[in-house]
Amino acid sequence: MNYLPGAFDVPMWYIVMHLKGASGILTQKRYCDVLARRLNRDQENSLIRIDDYLLLPETIYLMVQEEALKLDIWYPAFRDQLLEELKELYLSELIAGGAILPTVNLSWEPVSHELIAGPEAFEHRVNEMLFLPVRKGLASDPEHYPYNSVNNKAGIDL
């Protein structure tokens, strides 16, 4: 693939966040909405730009390009605030379901981020994200998996 000169001058990061403590919630609409609201707000404020994403039931994969904020400033706040919002929603659902004094122990574990240094690294990660749902048995065709940049069921601005 050919890229415009300077296409990788602005830092782009590949981020992987595994959610522990609540099985399979990240592809449920209410939780997708929380993620989309946070990412779309940060993009509207030109803090970052999302180039690609994939949501698996317990993992978020993001390709994030820095804009107004560097990753080391944006990412910890995003990660922590998103976790708090997910915890609040999860707790409210447990209580609505009849749980008495439920304990919510959600955490991001493990998390990783990697600088995308050029077109080869970019293409590798994009292809990995495209085919991961097939490898995990969540879809038979990568273009039919709803929670990625191709179908964008989560509603994240791209």
# chains A, B, ... in the order shown; residues from 1 in each chain; ligands from 1
>>> residues_around(residues="A:Ile156", least_positions_apart="3", cutoff="8 Å", atoms="only C-alpha atoms", output="compact mmCIF listing (two decimals) with N, CA and C atoms, in the first residue's frame")
# COMPACT_ATOMS: atom_id res chain seq x y z
N ALA A 36 -17.81 4.43 23.09
CA ALA A 36 -17.97 5.34 21.94
C ALA A 36 -18.12 6.79 22.40
N ARG A 37 -18.92 7.03 23.44
CA ARG A 37 -19.09 8.39 23.94
C ARG A 37 -17.76 9.01 24.35
N LEU A 39 -14.59 8.06 23.49
CA LEU A 39 -13.68 8.24 22.35
C LEU A 39 -14.16 9.35 21.42
N ASN A 40 -15.46 9.40 21.15
CA ASN A 40 -15.98 10.43 20.25
C ASN A 40 -15.82 11.82 20.85
N ASN A 152 -18.52 -1.06 12.39
CA ASN A 152 -18.68 0.02 13.35
C ASN A 152 -20.01 0.01 14.11
>>> residues_around(residues="A:Tyr31", least_positions_apart="3", cutoff="12 Å", atoms="only C-alpha atoms", output="PyMOL selection string")
chain A and resi 19+22+24-28+34-38+55-58+60+82-90+93+147+153-155
>>> residues_around(residues="stretch 124-131 of chain A", least_positions_apart="6", cutoff="10 Å", atoms="only C-alpha atoms", output="list in words")
Tyr14, Asp51, Asp52, Tyr53, Leu54, Leu55, Tyr61, Leu62, Met63, Ile116, Ala139, Ser140, Asp141, Pro142, Glu143, Tyr145, Asn148, Ser149 and Val150 of chain A
>>> closest_residue(among="A:Tyr75, A:Phe122, A:Trp13, A:Phe8", to="A:Asp42", atoms="only C-alpha atoms")
A:Tyr75
>>> residues_around(residues="A:Met17", least_positions_apart="5", cutoff="8 Å", atoms="only C-alpha atoms", output="ChimeraX atom specification")
/A:59-61,108-112
>>> select_by_dssp(residues="chain A", states="strand (DSSP E)", output="MDAnalysis selection string")
chainID A and resid 12:20 48:56 59:66 107:116
